[in-house]
Amino acid sequence: KAGVTQTPRYLIKTRGQQVTLSCSPISGHRSVSWYQQTPGQGLQFLFEYFSETQRNKGNFPGRFSGRQFSNSRSEMNVSTLELGDSALYLCASSLEGGRYEQYFGPGTRLTVT
Amino acid sequence: GQSLEQPSEVTAVEGAIVQINCTYQTSGFYGLSWYQQHDGGAPTFLSYNGLDGLEETGRFSSFLSRSDSYGYLLLQELQMKDSASYFCAVPSGGGADGLTFGKGTHLIIQP
């Protein structure tokens, strides 16, 4: 069974631009969670989607948004990029109720200049 | 909200045993998970404790005491490949599957 895939793997953007990242979960997994990882703040929860509905959101500004499609694929969007948004963005999928065992993708490395 | 505390770095010798502690504060408790992340890699699930006691998976064991809001990950017969960061995590709440992670413990293994 294929793992979680994320595209693109690397991205360089300029401050003020916006970016969209994509995540395809493991087949059969309907929950997708997004995380931001930085050296200073560690792994921080952004939001979680299940059946196209956002069920929970972390403590991030409204510039961070996401959505999930009927095939469980998910996208996250960051508008008006700031230098501090430079990070590794990870998505993870799980079976419903599988909150303890999540399967992570390789991440998208975003650099904002 | 949820918060977890774990040491930032632990050093151990190859072949030895090491324990990584995690204390947590949560609104409601739904279990403690542990993840491993190698440099440049993605986090991978190691173990989960929903009830008090010890869970063993090969060389790795995890312990939970709900009354003390405390857990630990025990790694035995350390190998160089165990050099990685280890994170404890709890559900972020709201009935969702997202996790709140500790800041991670960087395990350094010396020959």
# chains A, B, ... in the order shown; residues from 1 in each chain; ligands from 1

$ residues_around --residues "Leu88 of chain A" --least-positions-apart "6" --cutoff "12 Å" --atoms "only C-alpha atoms" --output "number ranges by chain"
A: 6, 8-12, 21, 34-39, 41-44, 105-112; B: 40-43

$ write_last_selection --atoms "N, CA and C atoms" --output "PDB file, in the first residue's frame"
ATOM      1  N   GLN A   6       3.266  13.875  -0.523  1.00  0.00           N
ATOM      2  CA  GLN A   6       3.104  15.327  -0.443  1.00  0.00           C
ATOM      3  C   GLN A   6       3.817  15.962  -1.627  1.00  0.00           C
ATOM      4  N   PRO A   8       4.509  20.034  -3.474  1.00  0.00           N
ATOM      5  CA  PRO A   8       5.855  19.654  -3.886  1.00  0.00           C
ATOM      6  C   PRO A   8       6.704  19.303  -2.674  1.00  0.00           C
ATOM      7  N   ARG A   9       7.889  18.803  -2.866  1.00  0.00           N
ATOM      8  CA  ARG A   9       8.767  18.488  -1.750  1.00  0.00           C
ATOM      9  C   ARG A   9       9.525  19.727  -1.274  1.00  0.00           C
ATOM     10  N   TYR A  10       9.843  20.607  -2.185  1.00  0.00           N
ATOM     11  CA  TYR A  10      10.570  21.823  -1.851  1.00  0.00           C
ATOM     12  C   TYR A  10       9.941  22.994  -2.587  1.00  0.00           C
ATOM     13  N   LEU A  11       9.955  24.139  -1.903  1.00  0.00           N
ATOM     14  CA  LEU A  11       9.305  25.318  -2.468  1.00  0.00           C
ATOM     15  C   LEU A  11       9.992  26.571  -1.933  1.00  0.00           C
ATOM     16  N   ILE A  12      10.263  27.492  -2.824  1.00  0.00           N
ATOM     17  CA  ILE A  12      10.808  28.787  -2.412  1.00  0.00           C
ATOM     18  C   ILE A  12       9.841  29.857  -2.865  1.00  0.00           C
ATOM     19  N   LEU A  21      -0.135  23.669  -0.753  1.00  0.00           N
ATOM     20  CA  LEU A  21       0.548  22.395  -0.613  1.00  0.00           C
ATOM     21  C   LEU A  21      -0.479  21.273  -0.686  1.00  0.00           C
ATOM     22  N   TRP A  34      -2.534  18.286   9.412  1.00  0.00           N
ATOM     23  CA  TRP A  34      -1.388  19.071   8.944  1.00  0.00           C
ATOM     24  C   TRP A  34      -0.622  19.614  10.129  1.00  0.00           C
ATOM     25  N   TYR A  35       0.706  19.648   9.984  1.00  0.00           N
ATOM     26  CA  TYR A  35       1.590  20.132  11.031  1.00  0.00           C
ATOM     27  C   TYR A  35       2.664  21.032  10.431  1.00  0.00           C
ATOM     28  N   GLN A  36       3.105  21.986  11.245  1.00  0.00           N
ATOM     29  CA  GLN A  36       4.250  22.817  10.882  1.00  0.00           C
ATOM     30  C   GLN A  36       5.403  22.453  11.804  1.00  0.00           C
ATOM     31  N   GLN A  37       6.567  22.216  11.254  1.00  0.00           N
ATOM     32  CA  GLN A  37       7.732  21.893  12.073  1.00  0.00           C
ATOM     33  C   GLN A  37       8.833  22.904  11.846  1.00  0.00           C
ATOM     34  N   THR A  38       9.273  23.544  12.919  1.00  0.00           N
ATOM     35  CA  THR A  38      10.393  24.476  12.885  1.00  0.00           C
ATOM     36  C   THR A  38      11.342  24.141  14.021  1.00  0.00           C
ATOM     37  N   PRO A  39      12.623  24.522  13.895  1.00  0.00           N
ATOM     38  CA  PRO A  39      13.575  24.230  14.973  1.00  0.00           C
ATOM     39  C   PRO A  39      13.171  24.871  16.305  1.00  0.00           C
ATOM     40  N   GLN A  41       9.955  25.996  17.380  1.00  0.00           N
ATOM     41  CA  GLN A  41       8.635  25.646  17.915  1.00  0.00           C
ATOM     42  C   GLN A  41       8.322  24.167  17.857  1.00  0.00           C
ATOM     43  N   GLY A  42       9.136  23.397  17.173  1.00  0.00           N
ATOM     44  CA  GLY A  42       8.877  21.968  17.089  1.00  0.00           C
ATOM     45  C   GLY A  42       7.723  21.654  16.152  1.00  0.00           C
ATOM     46  N   LEU A  43       7.033  20.550  16.441  1.00  0.00           N
ATOM     47  CA  LEU A  43       5.906  20.084  15.640  1.00  0.00           C
ATOM     48  C   LEU A  43       4.625  20.700  16.179  1.00  0.00           C
ATOM     49  N   GLN A  44       3.979  21.521  15.369  1.00  0.00           N
ATOM     50  CA  GLN A  44       2.765  22.171  15.821  1.00  0.00           C
ATOM     51  C   GLN A  44       1.582  21.788  14.944  1.00  0.00           C
ATOM     52  N   GLY A 105       3.646  11.900   5.859  1.00  0.00           N
ATOM     53  CA  GLY A 105       4.312  12.039   4.579  1.00  0.00           C
ATOM     54  C   GLY A 105       5.695  12.622   4.771  1.00  0.00           C
ATOM     55  N   PRO A 106       6.471  12.731   3.678  1.00  0.00           N
ATOM     56  CA  PRO A 106       7.848  13.230   3.774  1.00  0.00           C
ATOM     57  C   PRO A 106       7.935  14.730   4.023  1.00  0.00           C
ATOM     58  N   GLY A 107       6.838  15.445   3.841  1.00  0.00           N
ATOM     59  CA  GLY A 107       6.832  16.869   4.102  1.00  0.00           C
ATOM     60  C   GLY A 107       7.151  17.728   2.891  1.00  0.00           C
ATOM     61  N   THR A 108       6.763  18.983   2.991  1.00  0.00           N
ATOM     62  CA  THR A 108       7.132  20.014   2.012  1.00  0.00           C
ATOM     63  C   THR A 108       7.984  21.039   2.731  1.00  0.00           C
ATOM     64  N   ARG A 109       9.189  21.239   2.243  1.00  0.00           N
ATOM     65  CA  ARG A 109      10.105  22.242   2.827  1.00  0.00           C
ATOM     66  C   ARG A 109       9.827  23.573   2.157  1.00  0.00           C
ATOM     67  N   LEU A 110       9.243  24.515   2.888  1.00  0.00           N
ATOM     68  CA  LEU A 110       8.922  25.844   2.363  1.00  0.00           C
ATOM     69  C   LEU A 110       9.936  26.858   2.874  1.00  0.00           C
ATOM     70  N   THR A 111      10.525  27.586   1.957  1.00  0.00           N
ATOM     71  CA  THR A 111      11.443  28.671   2.301  1.00  0.00           C
ATOM     72  C   THR A 111      10.841  29.965   1.796  1.00  0.00           C
ATOM     73  N   VAL A 112      10.689  30.934   2.690  1.00  0.00           N
ATOM     74  CA  VAL A 112      10.159  32.243   2.314  1.00  0.00           C
ATOM     75  C   VAL A 112      11.301  33.252   2.372  1.00  0.00           C
TER      76      VAL A 112
ATOM     77  N   GLY B  40      15.972  14.726   8.788  1.00  0.00           N
ATOM     78  CA  GLY B  40      15.570  14.735   7.388  1.00  0.00           C
ATOM     79  C   GLY B  40      14.436  13.797   7.053  1.00  0.00           C
ATOM     80  N   GLY B  41      13.937  13.076   8.051  1.00  0.00           N
ATOM     81  CA  GLY B  41      12.868  12.117   7.798  1.00  0.00           C
ATOM     82  C   GLY B  41      11.540  12.555   8.390  1.00  0.00           C
ATOM     83  N   ALA B  42      10.535  11.743   8.188  1.00  0.00           N
ATOM     84  CA  ALA B  42       9.208  12.010   8.728  1.00  0.00           C
ATOM     85  C   ALA B  42       9.030  11.275  10.055  1.00  0.00           C
ATOM     86  N   PRO B  43       8.205  11.799  10.937  1.00  0.00           N
ATOM     87  CA  PRO B  43       7.919  11.073  12.180  1.00  0.00           C
ATOM     88  C   PRO B  43       7.276   9.722  11.888  1.00  0.00           C
TER      89      PRO B  43
END

$ residues_around --residues "segment 67-79 of chain A" --least-positions-apart "5" --cutoff "6 Å" --atoms "only C-alpha atoms" --output "PyMOL selection string"
chain A and resi 18-24+30+52

$ residues_around --residues "Leu75 of chain B" --least-positions-apart "4" --cutoff "8 Å" --atoms "only C-alpha atoms" --output "tab-separated table (two decimals) with N, CA and C atoms, in the first residue's frame"
chain	number	residue	atom	x	y	z
B	17	ILE	N	20.80	1.12	28.00
B	17	ILE	CA	19.37	1.39	28.08
B	17	ILE	C	19.18	2.89	28.36
B	18	VAL	N	18.17	3.48	27.74
B	18	VAL	CA	17.91	4.90	27.99
B	18	VAL	C	16.40	5.10	28.17
B	19	GLN	N	16.06	6.05	29.04
B	19	GLN	CA	14.67	6.37	29.31
B	19	GLN	C	14.41	7.83	28.97
B	59	ARG	N	12.54	-3.90	21.21
B	59	ARG	CA	13.51	-3.22	22.09
B	59	ARG	C	12.92	-1.98	22.75
B	60	PHE	N	11.75	-1.56	22.28
B	60	PHE	CA	11.14	-0.34	22.81
B	60	PHE	C	9.98	-0.69	23.74
B	61	SER	N	9.88	0.06	24.83
B	61	SER	CA	8.76	-0.08	25.75
B	61	SER	C	8.28	1.32	26.10

$ interface_residues --of "chain A" --to "chain B" --cutoff "8 Å" --atoms "only C-alpha atoms" --output "list in words"
Ser31, Val32, Ser33, Trp34, Gln41, Gly42, Leu43, Gln44, Phe45, Phe47, Glu48, Tyr49, Arg55, Asn56, Leu90, Ser94, Glu96, Gly97, Gly98, Arg99, Tyr100, Glu101, Gln102, Tyr103, Phe104, Gly105, Pro106 and Gly107 of chain A

$ residues_around --residues "Gln79 of chain B" --least-positions-apart "3" --cutoff "8 Å" --atoms "only C-alpha atoms" --output "ChimeraX atom specification"
/B:14-15,82-83,109

$ write_last_selection --atoms "N, CA and C atoms" --output "compact mmCIF listing (two decimals), in the first residue's frame"
# COMPACT_ATOMS: atom_id res chain seq x y z
N GLU B 14 26.08 3.08 23.16
CA GLU B 14 25.62 1.94 22.37
C GLU B 14 25.56 0.69 23.23
N GLY B 15 24.44 -0.04 23.12
CA GLY B 15 24.26 -1.26 23.90
C GLY B 15 23.58 -1.05 25.24
N ASP B 82 19.44 4.19 16.40
CA ASP B 82 18.43 4.77 17.28
C ASP B 82 18.66 6.27 17.51
N SER B 83 19.77 6.78 17.03
CA SER B 83 20.02 8.23 17.12
C SER B 83 18.96 8.95 16.32
N ILE B 109 23.69 8.87 20.60
CA ILE B 109 24.27 7.59 21.02
C ILE B 109 25.75 7.60 20.70

$ atom_distance --atom1 "atom CA of Ser3 of chain B" --atom2 "atom CA of Thr5 of chain A"
28.9 Å

$ select_by_dssp --residues "segment 11-98 of chain A" --states "strand (DSSP E or B)" --output "VMD selection string"
chain A and resid 11 to 13 19 to 24 31 to 38 42 to 50 53 to 57 64 to 68 74 to 78 87 to 94

$ residues_around --residues "Leu51 of chain B" --least-positions-apart "6" --cutoff "12 Å" --atoms "only C-alpha atoms" --output "list of chain:residue names"
B:Phe29, B:Tyr30, B:Gly31, B:Leu32, B:Ser33, B:Ser62, B:Phe63, B:Leu64, B:Ser65, B:Arg66, B:Ser67, B:Ser69, B:Tyr70, B:Gly71

$ write_last_selection --atoms "C-alpha atoms" --output "tab-separated table (two decimals), in the first residue's frame"
chain	number	residue	atom	x	y	z
B	29	PHE	CA	-6.94	12.37	28.56
B	30	TYR	CA	-7.13	10.01	25.63
B	31	GLY	CA	-3.75	8.32	25.64
B	32	LEU	CA	-0.07	9.05	25.08
B	33	SER	CA	1.78	8.22	21.87
B	62	SER	CA	6.49	2.72	26.86
B	63	PHE	CA	5.04	3.36	30.29
B	64	LEU	CA	2.15	5.49	31.48
B	65	SER	CA	0.96	6.69	34.89
B	66	ARG	CA	-2.26	8.66	34.47
B	67	SER	CA	-2.36	9.67	38.15
B	69	SER	CA	0.39	12.65	34.20
B	70	TYR	CA	3.67	11.03	33.28
B	71	GLY	CA	5.00	8.60	30.77

$ atom_distance --atom1 "atom CA of Thr14 of chain A" --atom2 "atom CA of Asp85 of chain A"
10.8 Å

$ atom_distance --atom1 "atom CA of Gln110 of chain B" --atom2 "atom CA of Gln6 of chain B"
20.8 Å

$ closest_residue --among "B:Asn21, B:Gln36, B:Ser85, B:Gln76" --to "Pro7 of chain B" --atoms "only C-alpha atoms"
B:Asn21
